[in-house]
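The structure under discussion appears below in the form of structure tokens.
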Amino acid sequence: HVMRVAAFAKAPGAATRRLLAATSSGLYESEDEGQTWVANGDLGVNLLYDLKISPGDRARLAVASANGELQYTDDGGSNWYQASEMPNYAQGFASLAYSQNFAPIVYAAVDSRDAPPAGTNYGPLARVYRSADSGEHFTQVGTFPMGFQGCYANAIWVDPTDPNNLLAGGLEMYRSTDGGATFDKVSDWSSFSFGGRTVHADQHVIVSAPDFNGTTNAKVYVGSDGGIASVDDVYFT
């Protein structure tokens with residue numbers, strides 16, 4: 001299964017551009033825009049969940065595996081290194097998001113399935129980590145309720161205009177305005193209807209609209225088990 005595909009910009013004079021794919025059997029690359037594929041090195045783990053290219057340095061990428069392991073490369077994928085300060089204890093997948101206009105910053109949502117606070121009923125928590133050096137070192141900044149969906153649905157998004165604004169999803173969608181220290185629930189799966197005002201359960205990907213600027217364009221798209229949903233103003237209250 002192909003989990004994520006990352007596309008590089010065309011090199012000067014090149015007819016095609018390079019692709020990398022995170023799959024259930026490792027990392028693969030194509031030099032002819034997907035016509036042929038070959039394995040890209042040995043990351044020590046096969047089942048990969050996410051793959052992102054740094055917007056500030058296209059030679060830098062980060063991958064996340066099905067056991068929460070994070071790795072990075074600074075040479076376009078020729079050599080991969082284990083990220084520091086990332087304990088390998090996840091019960092499910094990890095997802096990644098670079099800050100588009102603050103390139104060294106990257107977040108990871110890791111399905112750790114920590115126990116929720118006493119008296120709550122929203123299920124296990126995921127841990128959120130932040131890196132300020134393009135994925136080489138991570139520090140835990142907070143948690144959000146992912147439920148038992150982290151081995152299937154796990155997504156995180158960073159506001160291109162403010163790296164402290166995040167969306168994170170699993171069973172439900174949560175939002176943070178303080179860099180992941182705290183999260184507020186912004187969806188209600190139990191009241192979902194097609195054409196309604198809440199996102200479907202099991203979020204897999206969250207992306208900004210083209211030309212997102214946080215003011216005249218604050219639209220975000222969410223891919224879930226219910227299809228593609230959008231919100232015109234991600235800062236809604």
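Ordering of the structure tokens sets the chain letters (A, B, ...); residue numbers start at 1 within each chain; ligands are numbered from 1 in the order shown.
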With a distance cut-off of 7 Å and only C-alpha atoms, select the neighbouring residues of Ala218 in chain A, excluding the residue or stretch itself and same-chain residues fewer than 5 positions from it, and output the selection as a list in words.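 Everything that qualifies: Phe212, Asn213, Asp232, Asp233 and Val234 of chain A.
When the distance limit is 12 Å and only C-alpha atoms are what count, the residues near Lys10 in chain A, minus those fewer than 2 positions from it on the same chain, are A:Ala7, A:Phe8, A:Pro12, A:Gly13, A:Ala14, A:Ala15, A:Thr16, A:Arg17, A:Arg18, A:Leu19, A:Glu31, A:Asp32, A:Glu33, A:Arg58.
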Range 62-69 of chain A environment, 9 Å, only C-alpha atoms, sequence neighbours closer than 5 positions dropped, as a ChimeraX atom specification: /A:22,24,45-54,80,82-83,86-96,108-112,134-136,151
Please save C-alpha atoms of the selected residues as a PDB file, in the first residue's frame.
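What landed in again24.pdb:
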ATOM      1  CA  ALA A  22       6.207   5.956   1.776  1.00  0.00           C
ATOM      2  CA  SER A  24       3.763  -0.534   3.641  1.00  0.00           C
ATOM      3  CA  VAL A  45      11.519  -0.421   9.202  1.00  0.00           C
ATOM      4  CA  ASN A  46       9.131  -1.323   6.407  1.00  0.00           C
ATOM      5  CA  LEU A  47       5.692   0.043   7.250  1.00  0.00           C
ATOM      6  CA  LEU A  48       5.909   3.812   6.742  1.00  0.00           C
ATOM      7  CA  TYR A  49       2.942   6.086   7.412  1.00  0.00           C
ATOM      8  CA  ASP A  50       4.017   9.595   6.475  1.00  0.00           C
ATOM      9  CA  LEU A  51       6.612  11.425   4.378  1.00  0.00           C
ATOM     10  CA  LYS A  52       7.190  15.176   4.164  1.00  0.00           C
ATOM     11  CA  ILE A  53       9.647  17.449   2.330  1.00  0.00           C
ATOM     12  CA  SER A  54      10.913  20.540   4.126  1.00  0.00           C
ATOM     13  CA  TRP A  80      18.658   8.493   6.745  1.00  0.00           C
ATOM     14  CA  GLN A  82      17.110   8.491  13.550  1.00  0.00           C
ATOM     15  CA  ALA A  83      15.566  11.600  15.106  1.00  0.00           C
ATOM     16  CA  MET A  86      11.844  10.275  20.212  1.00  0.00           C
ATOM     17  CA  PRO A  87      11.141   7.233  22.413  1.00  0.00           C
ATOM     18  CA  ASN A  88       9.958   4.223  20.426  1.00  0.00           C
ATOM     19  CA  TYR A  89       6.774   3.268  22.276  1.00  0.00           C
ATOM     20  CA  ALA A  90       3.953   4.121  19.892  1.00  0.00           C
ATOM     21  CA  GLN A  91       0.993   1.764  19.570  1.00  0.00           C
ATOM     22  CA  GLY A  92       0.079   3.083  16.136  1.00  0.00           C
ATOM     23  CA  PHE A  93       1.280   5.472  13.467  1.00  0.00           C
ATOM     24  CA  ALA A  94       2.950   8.866  13.600  1.00  0.00           C
ATOM     25  CA  SER A  95       2.144  11.760  11.248  1.00  0.00           C
ATOM     26  CA  LEU A  96       4.201  14.829  10.310  1.00  0.00           C
ATOM     27  CA  ALA A 108       4.730  15.007  14.836  1.00  0.00           C
ATOM     28  CA  ALA A 109       1.560  13.412  16.209  1.00  0.00           C
ATOM     29  CA  VAL A 110       2.431  10.035  17.727  1.00  0.00           C
ATOM     30  CA  ASP A 111      -0.190   7.456  18.664  1.00  0.00           C
ATOM     31  CA  SER A 112       1.154   6.657  22.128  1.00  0.00           C
ATOM     32  CA  SER A 134      13.794  20.157  10.529  1.00  0.00           C
ATOM     33  CA  GLY A 135      13.224  16.912  12.385  1.00  0.00           C
ATOM     34  CA  GLU A 136      16.628  16.133  13.853  1.00  0.00           C
ATOM     35  CA  CYS A 151      -3.205   2.790  13.835  1.00  0.00           C
TER      36      CYS A 151
END
What are the DSSP strand (DSSP E or B) residues of range 93-190 of chain A, as a VMD selection string? chain A and resid 94 to 98 106 to 114 125 to 131 137 139 to 145 155 to 159 162 to 169 173 to 176 184 to 185
Keeping only C-alpha atoms, write the selected residues as a PDB file, in the first residue's frame.
ATOM      1  CA  ALA A  94       2.950   8.866  13.600  1.00  0.00           C
ATOM      2  CA  SER A  95       2.144  11.760  11.248  1.00  0.00           C
ATOM      3  CA  LEU A  96       4.201  14.829  10.310  1.00  0.00           C
ATOM      4  CA  ALA A  97       3.667  18.457   9.321  1.00  0.00           C
ATOM      5  CA  TYR A  98       6.227  21.098   8.393  1.00  0.00           C
ATOM      6  CA  VAL A 106       8.035  20.381  12.106  1.00  0.00           C
ATOM      7  CA  TYR A 107       5.430  18.692  14.285  1.00  0.00           C
ATOM      8  CA  ALA A 108       4.730  15.007  14.836  1.00  0.00           C
ATOM      9  CA  ALA A 109       1.560  13.412  16.209  1.00  0.00           C
ATOM     10  CA  VAL A 110       2.431  10.035  17.727  1.00  0.00           C
ATOM     11  CA  ASP A 111      -0.190   7.456  18.664  1.00  0.00           C
ATOM     12  CA  SER A 112       1.154   6.657  22.128  1.00  0.00           C
ATOM     13  CA  ARG A 113      -2.269   5.743  23.581  1.00  0.00           C
ATOM     14  CA  ASP A 114      -1.565   7.421  26.884  1.00  0.00           C
ATOM     15  CA  LEU A 125      -4.201  10.321  23.941  1.00  0.00           C
ATOM     16  CA  ALA A 126      -1.646  10.971  21.216  1.00  0.00           C
ATOM     17  CA  ARG A 127       1.552  12.841  22.010  1.00  0.00           C
ATOM     18  CA  VAL A 128       2.510  15.902  19.984  1.00  0.00           C
ATOM     19  CA  TYR A 129       6.201  16.659  19.411  1.00  0.00           C
ATOM     20  CA  ARG A 130       7.863  19.739  17.960  1.00  0.00           C
ATOM     21  CA  SER A 131      11.221  20.089  16.229  1.00  0.00           C
ATOM     22  CA  HIS A 137      15.525  16.645  17.483  1.00  0.00           C
ATOM     23  CA  THR A 139      10.490  17.779  22.236  1.00  0.00           C
ATOM     24  CA  GLN A 140       7.065  16.780  23.473  1.00  0.00           C
ATOM     25  CA  VAL A 141       4.772  19.819  23.722  1.00  0.00           C
ATOM     26  CA  GLY A 142       1.349  18.326  24.493  1.00  0.00           C
ATOM     27  CA  THR A 143      -1.302  15.690  23.894  1.00  0.00           C
ATOM     28  CA  PHE A 144      -4.706  15.396  22.261  1.00  0.00           C
ATOM     29  CA  PRO A 145      -7.399  12.692  22.297  1.00  0.00           C
ATOM     30  CA  ALA A 155      -3.213  13.679  10.805  1.00  0.00           C
ATOM     31  CA  ILE A 156      -1.652  16.976  11.855  1.00  0.00           C
ATOM     32  CA  TRP A 157      -1.547  20.394  10.153  1.00  0.00           C
ATOM     33  CA  VAL A 158       0.462  23.568  10.840  1.00  0.00           C
ATOM     34  CA  ASP A 159      -0.811  27.021   9.917  1.00  0.00           C
ATOM     35  CA  ASP A 162       1.668  30.963  12.393  1.00  0.00           C
ATOM     36  CA  PRO A 163       3.484  27.801  13.538  1.00  0.00           C
ATOM     37  CA  ASN A 164       1.617  27.883  16.851  1.00  0.00           C
ATOM     38  CA  ASN A 165      -1.737  27.161  15.184  1.00  0.00           C
ATOM     39  CA  LEU A 166      -2.349  23.442  14.683  1.00  0.00           C
ATOM     40  CA  LEU A 167      -5.103  21.057  13.674  1.00  0.00           C
ATOM     41  CA  ALA A 168      -4.835  17.409  14.710  1.00  0.00           C
ATOM     42  CA  GLY A 169      -7.146  14.543  13.913  1.00  0.00           C
ATOM     43  CA  MET A 173     -10.608  17.017  15.072  1.00  0.00           C
ATOM     44  CA  TYR A 174      -8.767  19.211  17.598  1.00  0.00           C
ATOM     45  CA  ARG A 175      -7.218  22.669  17.352  1.00  0.00           C
ATOM     46  CA  SER A 176      -4.338  24.313  19.206  1.00  0.00           C
ATOM     47  CA  ASP A 184      -9.770  22.131  21.926  1.00  0.00           C
ATOM     48  CA  LYS A 185     -12.245  19.835  20.187  1.00  0.00           C
TER      49      LYS A 185
END
Point-to-point distance from CA of Val222 in chain A to CA of Phe148 in chain A, Å rounded to tenths: 19.4 Å
I want to know what sits within 9 Å of range 193-197 of chain A, based on only C-alpha atoms, with residues of the same chain fewer than 4 positions away left out; could you give that as a PyMOL selection string? chain A and resi 187+189+226+231
For Asn79 in chain A, the nearest of the candidates A:Gly41, A:Gly56, A:Pro116, A:Gly150, counting only C-alpha atoms: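 Of A:Gly41, A:Gly56, A:Pro116, A:Gly150, the one nearest Asn79 in chain A, counting only C-alpha atoms, is A:Gly41.
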Using only C-alpha atoms, the shortest atom-to-atom distance to Tyr235 in chain A among A:Leu171, A:Met3, A:Ala21, A:Val186 belongs to A:Val186
What is the CA of Gln203 in chain A-CA of Ser224 in chain A distance in Å, reported with one decimal? 4.2 Å
Pairwise distance, CA of Gly44 in chain A with CA of Gln149 in chain A, equals 24.6 Å
Point out the residue among A:Phe236, A:Leu20, A:Ser25, A:Arg4 with the least atom-to-atom distance to Trp37 in chain A, counting only C-alpha atoms. A:Leu20
Between A:Ala209, A:Leu27, A:Ala181, A:Ala201, which has the minimum distance to Asn154 in chain A (counting only C-alpha atoms)? A:Ala201
Select, from A:Asp133, A:Asp188, A:Asp75, A:Asp202, the residue with the minimum atom-to-atom distance to Gly170 in chain A, counting only C-alpha atoms.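 Between A:Asp133, A:Asp188, A:Asp75, A:Asp202, the residue approaching Gly170 in chain A most closely is A:Asp202.
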Pick from A:Thr182, A:Thr161, A:Thr237, A:Ser191: nearest to Ser208 in chain A, with only C-alpha atoms counted? A:Thr161
